[in-house]
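Dumped structure21.txt below, it's compact mmCIF, C-alpha atoms:
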```txt
# COMPACT_ATOMS: atom_id res chain seq x y z
CA MET K 988 -24.63 -10.62 -77.07
CA ALA K 989 -23.41 -13.05 -74.53
CA GLN K 990 -25.89 -14.34 -72.02
CA VAL K 991 -25.64 -12.78 -68.58
CA PHE K 992 -26.62 -15.99 -66.76
CA HIS K 993 -25.36 -19.43 -67.49
CA LYS K 994 -27.97 -22.12 -68.17
CA SER K 995 -27.44 -23.61 -64.71
CA ALA K 996 -28.75 -20.38 -63.12
CA ASN K 997 -32.27 -21.73 -63.64
CA THR K 998 -31.52 -24.75 -61.47
CA ILE K 999 -29.76 -22.65 -58.87
CA ALA K 1000 -32.70 -20.27 -58.70
CA LYS K 1001 -35.16 -23.15 -58.25
CA ALA K 1002 -32.97 -24.85 -55.68
CA SER K 1003 -32.42 -21.64 -53.75
CA ILE K 1004 -36.20 -21.16 -53.36
CA ALA K 1005 -36.49 -24.63 -51.88
CA LEU K 1006 -33.38 -24.02 -49.77
CA ALA K 1007 -34.76 -20.73 -48.45
CA VAL K 1008 -37.97 -22.46 -47.35
CA ILE K 1009 -36.02 -25.24 -45.66
CA LEU K 1010 -33.66 -22.74 -44.02
CA ALA K 1011 -36.55 -20.58 -42.77
CA GLY K 1012 -38.28 -23.65 -41.37
CA LEU K 1013 -35.11 -24.87 -39.77
CA SER K 1014 -34.29 -21.57 -38.14
CA PHE K 1015 -37.89 -21.30 -36.88
CA TYR K 1016 -37.51 -24.76 -35.36
CA VAL K 1017 -34.16 -23.89 -33.79
CA VAL K 1018 -35.44 -20.63 -32.31
CA THR K 1019 -38.59 -22.20 -30.84
CA GLN K 1020 -36.66 -25.15 -29.42
CA LEU K 1021 -34.05 -22.82 -27.96
CA ALA K 1022 -36.77 -20.74 -26.32
CA ARG K 1023 -38.10 -23.87 -24.61
CA SER K 1024 -34.69 -25.24 -23.78
CA SER K 1025 -33.36 -25.82 -20.32
CA TYR K 1026 -30.67 -23.26 -21.15
CA LEU K 1027 -33.17 -20.41 -21.51
CA THR K 1028 -36.00 -21.53 -19.18
CA GLY K 1029 -33.85 -22.92 -16.39
CA THR K 1030 -35.69 -26.24 -16.22
CA TYR K 1031 -33.93 -29.20 -14.59
CA LEU K 1032 -31.16 -27.00 -13.22
CA GLU K 1033 -30.74 -27.61 -9.50
CA ARG K 1034 -30.37 -24.38 -7.57
CA GLN K 1035 -27.84 -24.26 -4.78
CA GLN K 1036 -29.23 -22.65 -1.64
CA PRO K 1037 -27.33 -20.90 1.17
CA VAL K 1038 -28.34 -23.81 3.43
CA GLN K 1039 -28.19 -27.37 2.10
CA PHE K 1040 -31.90 -27.84 2.60
CA SER K 1041 -33.32 -31.07 1.19
CA HIS K 1042 -37.02 -31.38 0.42
CA LYS K 1043 -36.40 -35.10 -0.11
CA HIS K 1044 -35.34 -35.46 3.50
CA HIS K 1045 -37.94 -33.21 5.10
CA VAL K 1046 -40.95 -34.14 2.97
CA GLY K 1047 -40.03 -37.54 1.56
CA ASP K 1048 -38.34 -39.12 4.59
CA ASP K 1049 -39.89 -37.23 7.50
CA GLY K 1050 -43.36 -36.85 6.00
CA ILE K 1051 -43.76 -33.18 6.86
CA ASP K 1052 -46.73 -31.67 5.00
CA CYS K 1053 -45.99 -28.92 2.43
CA ARG K 1054 -48.16 -26.55 4.44
CA TYR K 1055 -46.10 -26.89 7.61
CA CYS K 1056 -43.64 -24.45 6.04
CA HIS K 1057 -45.58 -23.00 3.08
CA THR K 1058 -48.31 -21.86 5.43
CA THR K 1059 -50.22 -19.39 3.30
CA VAL K 1060 -50.56 -21.49 0.14
CA GLU K 1061 -54.29 -22.01 0.78
CA THR K 1062 -55.15 -18.41 1.54
CA THR K 1063 -52.91 -16.03 -0.40
CA ALA K 1064 -51.21 -15.51 -3.75
CA SER K 1065 -47.80 -16.38 -2.31
CA ALA K 1066 -47.33 -19.91 -0.96
CA GLY K 1067 -45.25 -18.41 1.84
CA MET K 1068 -41.61 -18.91 2.67
CA PRO K 1069 -41.04 -20.19 6.20
CA SER K 1070 -39.60 -17.83 8.76
CA THR K 1071 -36.36 -18.94 10.41
CA GLN K 1072 -38.40 -19.74 13.51
CA THR K 1073 -40.03 -22.54 11.51
CA CYS K 1074 -36.60 -24.14 11.04
CA MET K 1075 -35.86 -23.65 14.71
CA ASN K 1076 -39.11 -25.38 15.76
CA CYS K 1077 -37.16 -28.61 15.26
CA HIS K 1078 -33.53 -27.52 14.82
CA SER K 1079 -33.39 -25.92 18.25
CA GLN K 1080 -32.81 -29.54 19.29
CA ILE K 1081 -32.15 -31.70 16.25
CA TRP K 1082 -28.75 -31.08 14.60
CA ALA K 1083 -28.60 -28.11 16.95
CA ASP K 1084 -24.81 -27.78 16.70
CA SER K 1085 -24.35 -28.87 13.08
CA PRO K 1086 -22.08 -26.50 11.15
CA TYR K 1087 -24.42 -26.85 8.14
CA LEU K 1088 -27.10 -25.03 10.10
CA GLU K 1089 -24.95 -22.15 11.34
CA ILE K 1090 -26.58 -19.84 8.75
CA VAL K 1091 -30.00 -20.74 10.18
CA ARG K 1092 -28.92 -20.14 13.76
CA ALA K 1093 -27.21 -16.86 12.82
CA SER K 1094 -30.37 -15.73 11.08
CA TYR K 1095 -32.40 -16.58 14.20
CA ARG K 1096 -29.93 -14.88 16.55
CA GLU K 1097 -29.56 -11.72 14.50
CA ASN K 1098 -33.17 -11.55 13.32
CA LYS K 1099 -32.05 -11.43 9.68
CA PRO K 1100 -33.89 -13.44 7.03
CA ILE K 1101 -32.04 -16.18 5.16
CA GLU K 1102 -31.62 -15.18 1.50
CA TRP K 1103 -32.92 -18.20 -0.41
CA GLU K 1104 -32.31 -18.56 -4.14
CA ARG K 1105 -35.54 -18.27 -6.03
CA VAL K 1106 -36.26 -21.36 -8.16
CA HIS K 1107 -39.61 -20.55 -9.77
CA ASP K 1108 -39.68 -16.98 -10.99
CA LEU K 1109 -42.62 -15.82 -13.06
CA PRO K 1110 -42.44 -12.52 -14.92
CA GLU K 1111 -44.13 -9.82 -12.88
CA TYR K 1112 -46.79 -9.10 -15.47
CA VAL K 1113 -48.29 -12.45 -14.49
CA TYR K 1114 -50.53 -12.38 -11.42
CA PHE K 1115 -50.27 -15.96 -10.27
CA ASN K 1116 -52.22 -16.96 -7.18
CA HIS K 1117 -51.42 -20.19 -5.34
CA SER K 1118 -54.61 -20.30 -3.27
CA ILE K 1119 -57.05 -20.47 -6.20
CA HIS K 1120 -55.07 -23.34 -7.73
CA VAL K 1121 -54.81 -25.55 -4.63
CA ASN K 1122 -58.42 -24.84 -3.69
CA LYS K 1123 -59.66 -25.82 -7.15
CA GLY K 1124 -57.97 -29.16 -7.47
CA ILE K 1125 -54.50 -28.40 -8.83
CA GLY K 1126 -51.88 -30.16 -6.75
CA CYS K 1127 -48.39 -28.92 -5.94
CA SER K 1128 -46.76 -31.49 -8.20
CA SER K 1129 -48.78 -30.45 -11.27
CA CYS K 1130 -46.45 -27.45 -11.52
CA HIS K 1131 -43.55 -28.17 -9.16
CA GLY K 1132 -43.05 -31.87 -9.88
CA ASP K 1133 -42.26 -34.51 -7.26
CA VAL K 1134 -40.58 -32.12 -4.82
CA ALA K 1135 -40.64 -34.83 -2.14
CA ASN K 1136 -37.94 -36.58 -4.17
CA MET K 1137 -35.74 -33.56 -4.89
CA PRO K 1138 -32.69 -33.09 -2.68
CA ALA K 1139 -32.19 -29.70 -4.33
CA VAL K 1140 -35.26 -28.23 -5.94
CA TYR K 1141 -35.35 -27.62 -9.66
CA GLN K 1142 -38.00 -26.41 -12.03
CA VAL K 1143 -39.67 -29.20 -14.01
CA ASN K 1144 -41.81 -26.99 -16.23
CA THR K 1145 -40.88 -24.10 -18.50
CA LEU K 1146 -43.35 -21.69 -16.81
CA GLN K 1147 -43.95 -20.26 -20.25
CA MET K 1148 -47.35 -19.04 -21.31
CA GLU K 1149 -47.96 -22.01 -23.62
CA TRP K 1150 -47.46 -24.26 -20.62
CA CYS K 1151 -49.94 -22.29 -18.49
CA LEU K 1152 -52.45 -22.39 -21.32
CA SER K 1153 -52.08 -26.13 -21.84
CA CYS K 1154 -53.90 -26.50 -18.52
CA HIS K 1155 -56.16 -23.44 -18.68
CA ARG K 1156 -57.52 -24.81 -21.97
CA ASN K 1157 -58.47 -28.20 -20.47
CA PRO K 1158 -58.29 -28.05 -16.68
CA GLU K 1159 -60.18 -31.34 -16.30
CA GLU K 1160 -57.04 -33.16 -17.47
CA PHE K 1161 -55.12 -31.88 -14.45
CA VAL K 1162 -57.57 -31.68 -11.51
CA ARG K 1163 -57.27 -34.16 -8.70
CA PRO K 1164 -59.29 -35.06 -5.59
CA LYS K 1165 -58.97 -32.68 -2.63
CA GLU K 1166 -57.09 -35.19 -0.45
CA GLU K 1167 -54.37 -35.66 -3.10
CA ILE K 1168 -53.45 -31.99 -3.58
CA TYR K 1169 -50.36 -32.19 -1.34
CA ASN K 1170 -49.33 -35.68 -2.44
CA THR K 1171 -46.41 -34.96 -4.76
CA ALA K 1172 -46.21 -38.59 -5.94
CA TRP K 1173 -49.82 -38.64 -7.17
CA VAL K 1174 -50.35 -40.38 -10.51
CA ASN K 1175 -53.32 -39.35 -12.59
CA ASN K 1176 -55.38 -42.40 -13.47
CA LEU K 1177 -58.82 -40.82 -13.22
CA THR K 1178 -61.40 -41.86 -15.76
CA PRO K 1179 -62.84 -39.19 -18.09
CA GLU K 1180 -66.11 -39.30 -16.08
CA GLU K 1181 -64.28 -38.72 -12.79
CA LYS K 1182 -62.35 -35.82 -14.29
CA LYS K 1183 -65.53 -34.21 -15.54
CA LYS K 1184 -67.21 -34.71 -12.16
CA LEU K 1185 -64.24 -33.16 -10.32
CA LYS K 1186 -64.27 -30.16 -12.65
CA GLU K 1187 -67.93 -29.63 -11.82
CA GLU K 1188 -67.38 -30.11 -8.08
CA TYR K 1189 -64.63 -27.51 -8.03
CA LYS K 1190 -66.86 -25.19 -10.09
CA ILE K 1191 -64.03 -24.55 -12.54
CA ARG K 1192 -64.99 -21.93 -15.08
CA PRO K 1193 -65.15 -22.67 -18.82
CA ALA K 1194 -61.96 -22.50 -20.89
CA GLU K 1195 -63.07 -19.24 -22.55
CA MET K 1196 -62.89 -17.55 -19.15
CA LEU K 1197 -59.72 -19.28 -18.00
CA THR K 1198 -57.91 -18.23 -21.17
CA SER K 1199 -59.09 -14.63 -21.11
CA CYS K 1200 -56.11 -12.22 -20.99
CA SER K 1201 -57.14 -10.58 -17.74
CA THR K 1202 -57.30 -13.91 -15.90
CA CYS K 1203 -53.51 -13.75 -15.57
CA HIS K 1204 -52.52 -10.27 -16.84
CA ARG K 1205 -53.98 -7.14 -15.26
CA MET J 1341 -21.91 3.36 -43.10
CA LEU J 1342 -21.86 -0.32 -42.20
CA ARG J 1343 -20.23 0.47 -38.90
CA SER J 1344 -22.77 3.08 -37.88
CA SER J 1345 -25.75 0.89 -38.79
CA PHE J 1346 -24.24 -1.92 -36.74
CA LEU J 1347 -23.96 0.43 -33.75
CA LEU J 1348 -27.52 1.58 -34.26
CA ILE J 1349 -28.83 -1.99 -34.36
CA SER J 1350 -26.85 -2.91 -31.23
CA ALA J 1351 -28.22 0.13 -29.44
CA LEU J 1352 -31.76 -0.83 -30.44
CA LEU J 1353 -31.18 -4.39 -29.26
CA ILE J 1354 -29.96 -3.18 -25.89
CA PHE J 1355 -32.98 -0.92 -25.66
CA THR J 1356 -35.48 -3.71 -26.39
CA SER J 1357 -33.82 -6.15 -24.01
CA ALA J 1358 -33.99 -3.49 -21.30
CA CYS J 1359 -37.72 -3.18 -21.95
CA ARG J 1360 -38.22 -6.87 -21.46
CA TYR J 1361 -36.21 -6.83 -18.27
CA ASP J 1362 -38.24 -3.97 -16.85
CA MET J 1363 -41.47 -5.81 -17.55
CA GLN J 1364 -40.25 -9.04 -16.02
CA ASP J 1365 -38.79 -7.48 -12.90
CA GLN J 1366 -40.86 -4.42 -12.29
CA PRO J 1367 -39.80 -1.80 -9.75
CA LYS J 1368 -42.48 -2.87 -7.27
CA TYR J 1369 -42.49 -4.84 -4.06
CA LYS J 1370 -43.95 -8.30 -3.83
CA PRO J 1371 -43.88 -10.59 -0.77
CA TYR J 1372 -40.36 -11.60 0.31
CA LYS J 1373 -38.70 -9.28 -2.20
CA LYS J 1374 -35.46 -7.59 -1.32
CA SER J 1375 -35.48 -3.87 -0.70
CA GLU J 1376 -32.64 -1.42 -1.20
CA PHE J 1377 -34.62 1.23 0.63
CA PHE J 1378 -35.11 -0.25 4.09
CA ALA J 1379 -32.10 -0.76 6.32
CA ASP J 1380 -32.83 -4.42 7.06
CA GLY J 1381 -33.29 -5.20 3.35
CA ARG J 1382 -36.84 -6.54 3.68
CA ALA J 1383 -39.65 -5.26 1.47
CA SER J 1384 -42.29 -6.82 3.74
CA ARG J 1385 -42.64 -4.52 6.71
CA ASP J 1386 -43.82 -5.20 10.24
CA LEU J 1387 -46.75 -3.15 11.51
CA PRO J 1388 -45.75 -0.23 13.71
CA ALA J 1389 -46.26 -1.05 17.39
CA GLY J 1390 -49.83 -0.68 18.53
CA VAL J 1391 -51.45 -0.74 15.09
CA VAL J 1392 -54.62 -2.80 14.78
CA PRO J 1393 -55.51 -3.63 11.18
CA ARG J 1394 -59.13 -3.00 10.32
CA GLY J 1395 -61.18 -6.03 11.34
CA PHE J 1396 -58.49 -7.42 13.61
CA LEU J 1397 -59.45 -5.94 16.97
CA ARG J 1398 -59.09 -9.04 19.10
CA ASP J 1399 -61.48 -7.99 21.84
CA ASP J 1400 -63.02 -11.42 22.53
CA LYS J 1401 -60.58 -12.53 25.21
CA SER J 1402 -61.79 -16.10 25.60
CA PHE J 1403 -61.72 -16.72 21.83
CA PHE J 1404 -58.34 -15.12 21.13
CA THR J 1405 -56.41 -16.13 24.24
CA GLY J 1406 -58.29 -19.09 25.74
CA LYS J 1407 -58.17 -17.34 29.09
CA LYS J 1408 -60.87 -16.30 31.51
CA GLU J 1409 -61.91 -12.70 32.03
CA GLY J 1410 -60.87 -11.18 35.34
CA VAL J 1411 -58.46 -13.87 36.54
CA THR J 1412 -55.14 -12.17 37.17
CA ASN J 1413 -51.98 -12.87 39.07
CA VAL J 1414 -52.31 -16.62 38.67
CA GLN J 1415 -49.83 -19.10 40.06
CA VAL J 1416 -49.77 -22.42 38.20
CA GLN J 1417 -48.43 -25.61 39.73
CA THR J 1418 -45.84 -27.47 37.68
CA THR J 1419 -44.06 -30.78 37.85
CA THR J 1420 -41.40 -32.55 35.76
CA ASP J 1421 -42.33 -35.60 33.72
CA ALA J 1422 -40.27 -38.61 32.61
CA SER J 1423 -38.82 -36.84 29.51
CA GLY J 1424 -37.69 -33.87 31.57
CA ASN J 1425 -40.53 -31.65 30.35
CA THR J 1426 -41.96 -29.17 32.80
CA VAL J 1427 -45.69 -29.82 32.84
CA VAL J 1428 -48.46 -27.82 34.47
CA THR J 1429 -50.86 -29.51 36.84
CA SER J 1430 -53.25 -26.64 37.52
CA PHE J 1431 -54.98 -24.37 35.03
CA PRO J 1432 -56.54 -21.53 37.00
CA ASP J 1433 -57.10 -19.04 34.15
CA ALA J 1434 -57.86 -21.30 31.17
CA ILE J 1435 -61.44 -21.41 29.89
CA GLU J 1436 -63.32 -24.69 30.33
CA GLU J 1437 -65.78 -24.46 27.43
CA PHE J 1438 -65.20 -23.99 23.71
CA PRO J 1439 -65.92 -20.37 22.76
CA ILE J 1440 -67.35 -21.54 19.40
CA PRO J 1441 -69.86 -24.32 18.65
CA VAL J 1442 -68.11 -27.65 18.13
CA THR J 1443 -69.43 -29.08 14.87
CA LYS J 1444 -68.36 -32.07 12.80
CA GLU J 1445 -66.89 -29.62 10.27
CA LEU J 1446 -64.79 -28.03 13.02
CA ILE J 1447 -63.39 -31.40 14.13
CA ASP J 1448 -62.67 -32.40 10.51
CA ARG J 1449 -60.87 -29.12 9.97
CA GLY J 1450 -58.99 -29.75 13.22
CA GLN J 1451 -57.93 -33.19 12.01
CA GLU J 1452 -56.59 -31.74 8.78
CA ARG J 1453 -54.67 -28.97 10.61
CA TYR J 1454 -53.42 -31.39 13.29
CA ASN J 1455 -52.02 -33.64 10.59
CA ILE J 1456 -50.08 -30.71 9.14
CA TYR J 1457 -48.69 -28.91 12.17
CA CYS J 1458 -48.93 -31.17 15.24
CA ILE J 1459 -48.45 -34.71 13.95
CA VAL J 1460 -44.73 -34.10 13.32
CA CYS J 1461 -44.03 -34.33 17.06
CA HIS J 1462 -47.25 -35.37 18.81
CA GLY J 1463 -47.81 -38.30 16.46
CA PRO J 1464 -50.95 -39.48 14.69
CA THR J 1465 -52.81 -40.35 17.91
CA GLY J 1466 -51.25 -37.82 20.26
CA ASN J 1467 -48.95 -40.23 22.06
CA GLY J 1468 -45.97 -37.98 21.49
CA ASP J 1469 -44.26 -40.36 19.05
CA GLY J 1470 -44.14 -38.23 15.90
CA MET J 1471 -41.40 -38.50 13.30
CA ILE J 1472 -39.44 -35.54 14.70
CA VAL J 1473 -39.41 -37.20 18.11
CA ARG J 1474 -38.04 -40.36 16.48
CA ARG J 1475 -35.34 -38.14 14.96
CA GLY J 1476 -34.27 -36.94 18.39
CA PHE J 1477 -36.58 -34.20 19.62
CA VAL J 1478 -37.58 -34.47 23.28
CA ARG J 1479 -40.78 -36.48 23.54
CA PRO J 1480 -43.77 -34.27 24.32
CA PRO J 1481 -46.28 -35.35 26.98
CA THR J 1482 -49.00 -37.72 25.76
CA TYR J 1483 -52.55 -36.41 25.52
CA HIS J 1484 -53.78 -39.65 27.01
CA ASP J 1485 -53.22 -39.27 30.72
CA ASP J 1486 -55.49 -37.93 33.43
CA ARG J 1487 -53.64 -34.62 33.66
CA LEU J 1488 -54.35 -33.63 30.03
CA ARG J 1489 -57.71 -35.41 29.82
CA ASN J 1490 -58.87 -33.11 32.60
CA ALA J 1491 -57.03 -30.02 31.35
CA PRO J 1492 -59.42 -27.28 30.22
CA VAL J 1493 -59.63 -26.49 26.49
CA GLY J 1494 -58.17 -23.04 27.08
CA HIS J 1495 -54.87 -24.64 28.11
CA PHE J 1496 -54.44 -26.42 24.76
CA TYR J 1497 -55.32 -23.21 22.93
CA ASP J 1498 -52.76 -21.28 24.96
CA VAL J 1499 -50.03 -23.84 24.24
CA ILE J 1500 -50.72 -23.73 20.48
CA THR J 1501 -50.66 -19.93 20.58
CA ASN J 1502 -47.66 -19.27 22.79
CA GLY J 1503 -45.82 -22.56 22.89
CA TRP J 1504 -44.76 -24.47 25.98
CA GLY J 1505 -41.39 -25.77 27.07
CA ARG J 1506 -39.44 -26.72 23.97
CA MET J 1507 -42.41 -26.20 21.66
CA ASN J 1508 -42.49 -22.86 19.84
CA GLY J 1509 -45.77 -21.00 19.53
CA TYR J 1510 -47.75 -21.59 16.33
CA ALA J 1511 -49.70 -18.32 16.32
CA GLU J 1512 -47.87 -17.26 13.16
CA LYS J 1513 -48.96 -20.39 11.31
CA ILE J 1514 -52.39 -21.30 12.68
CA GLN J 1515 -55.25 -18.79 12.78
CA PRO J 1516 -57.38 -18.58 15.98
CA ALA J 1517 -60.41 -20.46 14.60
CA ASP J 1518 -58.12 -23.25 13.38
CA ARG J 1519 -56.48 -23.46 16.80
CA TRP J 1520 -59.89 -24.14 18.34
CA ALA J 1521 -60.52 -26.72 15.61
CA ILE J 1522 -57.28 -28.47 16.60
CA VAL J 1523 -58.27 -28.38 20.28
CA ALA J 1524 -61.59 -30.00 19.34
CA TYR J 1525 -59.72 -32.70 17.43
CA ILE J 1526 -57.38 -33.29 20.39
CA ARG J 1527 -60.48 -33.87 22.53
CA ALA J 1528 -61.74 -36.32 19.88
CA LEU J 1529 -58.37 -38.13 19.95
CA GLN J 1530 -58.49 -38.33 23.75
CA TYR J 1531 -61.98 -39.79 23.58
CA SER J 1532 -60.92 -42.28 20.89
CA GLN J 1533 -58.22 -43.71 23.17
CA ASN J 1534 -60.38 -43.75 26.29
CA PRO J 1535 -64.03 -44.14 25.24
CA ASN J 1536 -65.23 -45.49 28.58
CA GLY J 1537 -63.51 -43.00 30.83
CA MET J 1538 -64.44 -39.72 29.14
CA LYS J 1539 -67.50 -37.79 28.21
CA PRO J 1540 -67.79 -37.51 24.42
CA LEU J 1541 -67.70 -34.04 22.86
CA VAL J 1542 -71.08 -32.42 22.51
CA ILE J 1543 -71.51 -31.84 18.79
CA SER J 1544 -73.45 -28.72 18.03
CA GLU J 1545 -76.06 -28.80 15.29
CA ASN J 1546 -75.40 -25.13 14.72
CA LYS J 1547 -73.60 -25.17 11.38
CA VAL J 1548 -72.94 -21.45 11.30
CA ALA J 1549 -69.39 -20.77 12.36
CA LYS J 1550 -68.91 -17.70 14.49
CA ASN J 1551 -67.71 -14.72 12.50
CA VAL J 1552 -64.60 -14.31 14.48
CA GLU J 1553 -62.66 -11.46 13.00
CA LYS J 1554 -65.11 -8.80 12.04
CA GLY J 1555 -64.32 -7.25 8.70
CA GLY J 1556 -61.15 -9.26 8.23
CA ASN J 1557 -61.08 -12.18 5.89
CA ARG J 1558 -58.94 -14.66 7.76
```
Mind turning this structure into structure tokens?
Amino acid sequence: MAQVFHKSANTIAKASIALAVILAGLSFYVVTQLARSSYLTGTYLERQQPVQFSHKHHVGDDGIDCRYCHTTVETTASAGMPSTQTCMNCHSQIWADSPYLEIVRASYRENKPIEWERVHDLPEYVYFNHSIHVNKGIGCSSCHGDVANMPAVYQVNTLQMEWCLSCHRNPEEFVRPKEEIYNTAWVNNLTPEEKKKLKEEYKIRPAEMLTSCSTCHR
Amino acid sequence: MLRSSFLLISALLIFTSACRYDMQDQPKYKPYKKSEFFADGRASRDLPAGVVPRGFLRDDKSFFTGKKEGVTNVQVQTTTDASGNTVVTSFPDAIEEFPIPVTKELIDRGQERYNIYCIVCHGPTGNGDGMIVRRGFVRPPTYHDDRLRNAPVGHFYDVITNGWGRMNGYAEKIQPADRWAIVAYIRALQYSQNPNGMKPLVISENKVAKNVEKGGNR
């Protein structure tokens, strides 16, 4: 009786086991990298807004504090989007007849909000609260990057759960002094002792509590 | 057979992706969300006229308006300054004394708030040389002349609340207690530029801030 398999089938079988492992590993790698990619998370993609608003100009050049417009960041979950009146506080006189600002003036005249493009959009099963973060030593730029240098704002972090947890697991690596919270160019060169002291001063809870499901999901 | 299983798998895929979408963008309103239901498209609604939220009955007239009880039908005197601003020279209905104890904490809070909301035009010392003025906004009056040194505190409070001349009101952005904190800081600025000609602020030892909005948490 002739043999069903040729002798080389042994080698092929062995090689295919190794190949399957490599292929599985490779596809796992590709899938996880794709999930974190700019293509799927939207990082580093500048969003075009209805008005050519530049944070670089308003914050970087003019030195306007984040809270001048994002008024409720210290007290509520939402940082607060400025009403059109906020724009008109200055633009009633500065660039008052610029065609770029016609949308702003129309919004003010007709009492209709400007429809801004959302840049940072968390899934709605996450209950993120801005006020607890800025009051406990997490600065704007820890999540939003150096917005004072962004002509058009883009997301610098994936906003995925692994990214949230990277801080919730060791918050002391990311806390900063109270007076630096709104400084988007802040560079972290705190010593380990200073970090530990800040974490105690802000009364930040232990990692077991910060990583509990119901801290973010309710 | 192959065809039908392909269809089934596609249908399942569509179903699961729909699930994910529903979880990420749930049919609920969050601040600034768009609404298909209301005619103006805003999910955030204004209060019906005349509604007072619990804890927000603003019955303390001097604290919430900076004006005296029982002074009605007032006629203020105005004049025009060098920048073309209309300025008041008499303050018949503005209260003279702070309605809350002036503490170091209050002035520090006022400094922080001033540097967010006021510094943009009024400048770091209150000379009226802020960055927005350098960009072309009409220069506001300086705090450091006899007219405003002698102006009662209620006048500053009223201007922050309702605006004056080309300045919009900041009631939307700055809560009443913070407005008084800013007024206290303006007084401190005035004293800093004229230490021999002004009485210093009387700092209260009373550390307990007045509970201003009963029941509310603002």
Expected answer as a PyMOL selection string: chain J residues within 8 Å of chain K, all atoms listed in the file: chain J and resi 1363-1366+1371-1372+1380+1455-1457+1460+1471-1472+1475-1478+1507-1508+1513
Write out as a PyMOL selection string the residues lying within 9 Å of stretch 1126-1136 of chain K, counting only C-alpha atoms and excluding same-chain residues fewer than 4 positions away. chain K and resi 1041-1048+1050+1053+1107+1120-1122+1140-1144+1146+1161-1165+1167-1173
Mind listing as a PyMOL selection string all residues within 10 Å of (-53.0, -24.8, 26.7), counting only C-alpha atoms? chain J and resi 1405-1407+1428+1431+1434-1435+1488+1491-1504+1523
Write the residues of the selection above to a file with C-alpha atoms, as a PDB file, keeping the file's coordinate frame.
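Now in out30.pdb:
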```pdb
ATOM      1  CA  THR J1405     -56.410 -16.130  24.240  1.00  0.00           C
ATOM      2  CA  GLY J1406     -58.290 -19.090  25.740  1.00  0.00           C
ATOM      3  CA  LYS J1407     -58.170 -17.340  29.090  1.00  0.00           C
ATOM      4  CA  VAL J1428     -48.460 -27.820  34.470  1.00  0.00           C
ATOM      5  CA  PHE J1431     -54.980 -24.370  35.030  1.00  0.00           C
ATOM      6  CA  ALA J1434     -57.860 -21.300  31.170  1.00  0.00           C
ATOM      7  CA  ILE J1435     -61.440 -21.410  29.890  1.00  0.00           C
ATOM      8  CA  LEU J1488     -54.350 -33.630  30.030  1.00  0.00           C
ATOM      9  CA  ALA J1491     -57.030 -30.020  31.350  1.00  0.00           C
ATOM     10  CA  PRO J1492     -59.420 -27.280  30.220  1.00  0.00           C
ATOM     11  CA  VAL J1493     -59.630 -26.490  26.490  1.00  0.00           C
ATOM     12  CA  GLY J1494     -58.170 -23.040  27.080  1.00  0.00           C
ATOM     13  CA  HIS J1495     -54.870 -24.640  28.110  1.00  0.00           C
ATOM     14  CA  PHE J1496     -54.440 -26.420  24.760  1.00  0.00           C
ATOM     15  CA  TYR J1497     -55.320 -23.210  22.930  1.00  0.00           C
ATOM     16  CA  ASP J1498     -52.760 -21.280  24.960  1.00  0.00           C
ATOM     17  CA  VAL J1499     -50.030 -23.840  24.240  1.00  0.00           C
ATOM     18  CA  ILE J1500     -50.720 -23.730  20.480  1.00  0.00           C
ATOM     19  CA  THR J1501     -50.660 -19.930  20.580  1.00  0.00           C
ATOM     20  CA  ASN J1502     -47.660 -19.270  22.790  1.00  0.00           C
ATOM     21  CA  GLY J1503     -45.820 -22.560  22.890  1.00  0.00           C
ATOM     22  CA  TRP J1504     -44.760 -24.470  25.980  1.00  0.00           C
ATOM     23  CA  VAL J1523     -58.270 -28.380  20.280  1.00  0.00           C
TER      24      VAL J1523
END
```
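Between J:Ser1430 and the residues J:Val1416, J:Ala1379, J:Leu1529, J:Ala1511, the shortest atom-to-atom distance, using only C-alpha atoms, involves J:Val1416.
We find atom CA of J:Gly1537 and atom CA of J:Phe1438 to be spaced 20.4 Å apart.
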Could you check how far atom CA of K:Cys1154 sits from atom CA of K:Ser1025, in Å to one decimal? 20.6 Å
Of K:Ala1005, K:Leu1032, K:Cys1203, K:Leu1027, the one nearest to K:Cys1151 when counting only C-alpha atoms is K:Cys1203
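Coordinates place atom CA of K:Cys1200 at a distance of 24.5 Å from atom CA of K:Lys1183.
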Select all residues near (-65.0, -37.4, 32.1) (cut-off 8 Å, inclusive, file coordinates), counting only C-alpha atoms, and output them as an MDAnalysis selection string. chainID J and resid 1489:1490 1537:1539
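In terms of minimum interatomic distance to K:Tyr1095, K:Thr1071 ranks closest within K:Ser1003, K:Ser1201, K:Thr998, K:Thr1071, counting only C-alpha atoms.
Proximity ranking of J:Arg1519, J:His1484, J:Arg1382, J:Lys1370 relative to J:Pro1535 places J:His1484 first, based on all atoms listed in the file.
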